[in-house]
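Undergrad: Starting off with a structure, shown below.
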Amino acid sequence: MEEIVKTIQGVPLNHYILLSAVIFSIGVVGVLTRRNAIVIFMSIELMLNAVNLLLTAFSAYSGDASGQIFVFFIMALAAAEVAVGLAIIVMIYRNTKTTDINVLNRLKW
Amino acid sequence: MNISVFYLIAFLSVFFSLMVIFAKNPVHSVIYLIITFFTFTIHYILLNAQFLAIVNFIVYMGAIMVLFLFVLMLLNLNKETEPVKSLLVKLAGVIAGMCLLVVLAGSLKAISTSAKGNPSTQEVVQNLDLGTVKYLGKVLFADFLLPFEVSSILLLSAMVGAVLLAKREKTEIS
């Protein structure tokens, strides 16, 4: 473990911020361009994970353990969110036989 | 081992997350998402956050991915039936995402050039035993005891909600 820590010590914080920004943007593009509701859920998971990585990097950078505790809570929240969201998708599929979000426009009115 | 391990893993993260949103078949998307989560686990190990690495491995690569795969298989969506959006909407989405990325990177550049001490050259990991289970457990059960208990209620309500939503209604006329 010591060797691994020595390895990472040369990486500047800015590169972690850039990596998280890139992956968050990929998640946003996925939400905007796909039509399958489950793939949109996966893109949301990507965004949550980018934020998790950034929080962990900040926590390790500032020597404060609160960031990693927050990441733990975000993971619990993501588990709850995925369970409820996938249940909603299953229910919608049972009623409309599709997960295409362009069909699910009844909430617009 | 040298510093380029981080850049290799970062490249793999970006590559596989791009594959997630560009794969046509939803099952392929799930597989690429699993690989992306695995690269995130390696990132956590590199950051010396051992507890988060294990939790990420178990919760994301285990539980959440099983949920996704089960729903995809149960709904029989594992074929390329997705109607594609029109090219204009796709192009607009990609341009909007790129604009977000440019804004984020530009603000990062503006902050890092104006800040004193130039934090971009400082190393990331400073406290070696910060991410261990022993240290995090002490913090979690001393300072964050109430949010921890509240999150158990959140998980319970999510479980009840999921069961209620996914249950087939008996009175429905079909």
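As shown in the structure tokens, the chain order sets the letters A, B, ...; within each chain, residues go from 1, and ligands are also counted from 1 in the order they appear.
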Would you tabulate, counting only C-alpha atoms, all residues of chain A that have an atom at most 7 Å from an atom of chain B, showing the closest pair of atoms and their distance in Å to one decimal, sorted by chain then ascending number, as a tab-separated table?
TA:
```
residue	atom	partner	partner_atom	distance
A:Ile4	CA	B:Leu46	CA	6.3
A:Val5	CA	B:Asn48	CA	6.4
A:Thr7	CA	B:Ile3	CA	5.6
A:Ile8	CA	B:Leu46	CA	6.0
A:Gln9	CA	B:Glu123	CA	5.1
A:Gly10	CA	B:Glu123	CA	5.5
A:Val11	CA	B:Glu123	CA	6.0
A:Pro12	CA	B:Ser120	CA	5.2
A:Leu13	CA	B:Ser120	CA	5.7
A:Asn14	CA	B:Ser120	CA	5.4
A:Leu18	CA	B:Ala105	CA	6.7
A:Leu19	CA	B:Ala10	CA	6.9
A:Ala21	CA	B:Leu101	CA	6.4
A:Val22	CA	B:Leu101	CA	6.4
A:Ile23	CA	B:Val14	CA	6.3
A:Ser25	CA	B:Gly97	CA	5.4
A:Ile26	CA	B:Leu18	CA	6.6
A:Val28	CA	B:Gly97	CA	5.9
A:Val29	CA	B:Gly97	CA	5.1
A:Gly30	CA	B:Ile21	CA	5.2
A:Leu32	CA	B:Gly93	CA	5.1
A:Thr33	CA	B:Lys90	CA	5.0
A:Arg35	CA	B:Lys85	CA	6.8
A:Asn36	CA	B:Glu82	CA	6.5
A:Val39	CA	B:Pro26	CA	6.6
A:Ala57	CA	B:Leu47	CA	6.9
A:Ala60	CA	B:Val125	CA	5.2
A:Tyr61	CA	B:Val124	CA	4.5
A:Gly63	CA	B:Asn127	CA	5.7
A:Ala65	CA	B:Leu130	CA	6.3
A:Ile69	CA	B:Leu140	CA	6.6
A:Ala79	CA	B:Ile64	CA	6.7
A:Ala80	CA	B:Ala158	CA	5.3
A:Ala83	CA	B:Ala162	CA	6.0
A:Val84	CA	B:Ala162	CA	4.8
A:Ala87	CA	B:Ala166	CA	5.1
A:Ile88	CA	B:Leu165	CA	6.3
A:Val90	CA	B:Ala166	CA	6.5
A:Met91	CA	B:Ala166	CA	5.8
```
Undergrad: CA of Ala50 (chain A) and CA of Ile31 (chain B), how far apart in Å?
TA: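 About the pair CA of Ile31 (chain B) and CA of Ala50 (chain A): they are 18.1 Å apart.
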Undergrad: Based on the backbone DSSP call, show me all residues of region 6-153 of chain B assigned alpha helix (DSSP H), as a VMD selection string.
TA: chain B and resid 6 to 22 26 to 46 50 to 55 65 to 74 87 to 114 133 to 142 145 to 153
Undergrad: Just the residues within 10 Å of Leu48 (chain A), please, counting only C-alpha atoms, with nothing from its chain fewer than 6 positions along; format it as a list in words.
TA: Ile23, Phe24, Gly27, Met42, Val71, Ile74, Met75 and Ala78 of chain A
Undergrad: For CA of Val31 (chain A) and CA of Asp100 (chain A), quote the distance in Å rounded to one decimal.
TA: 12.8 Å
Undergrad: Please indicate the distance in Å from CA of Leu145 (chain B) to CA of Met47 (chain A), rounded to one decimal place.
TA: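 Taking CA of Leu145 (chain B) and CA of Met47 (chain A), their separation equals 27.0 Å.
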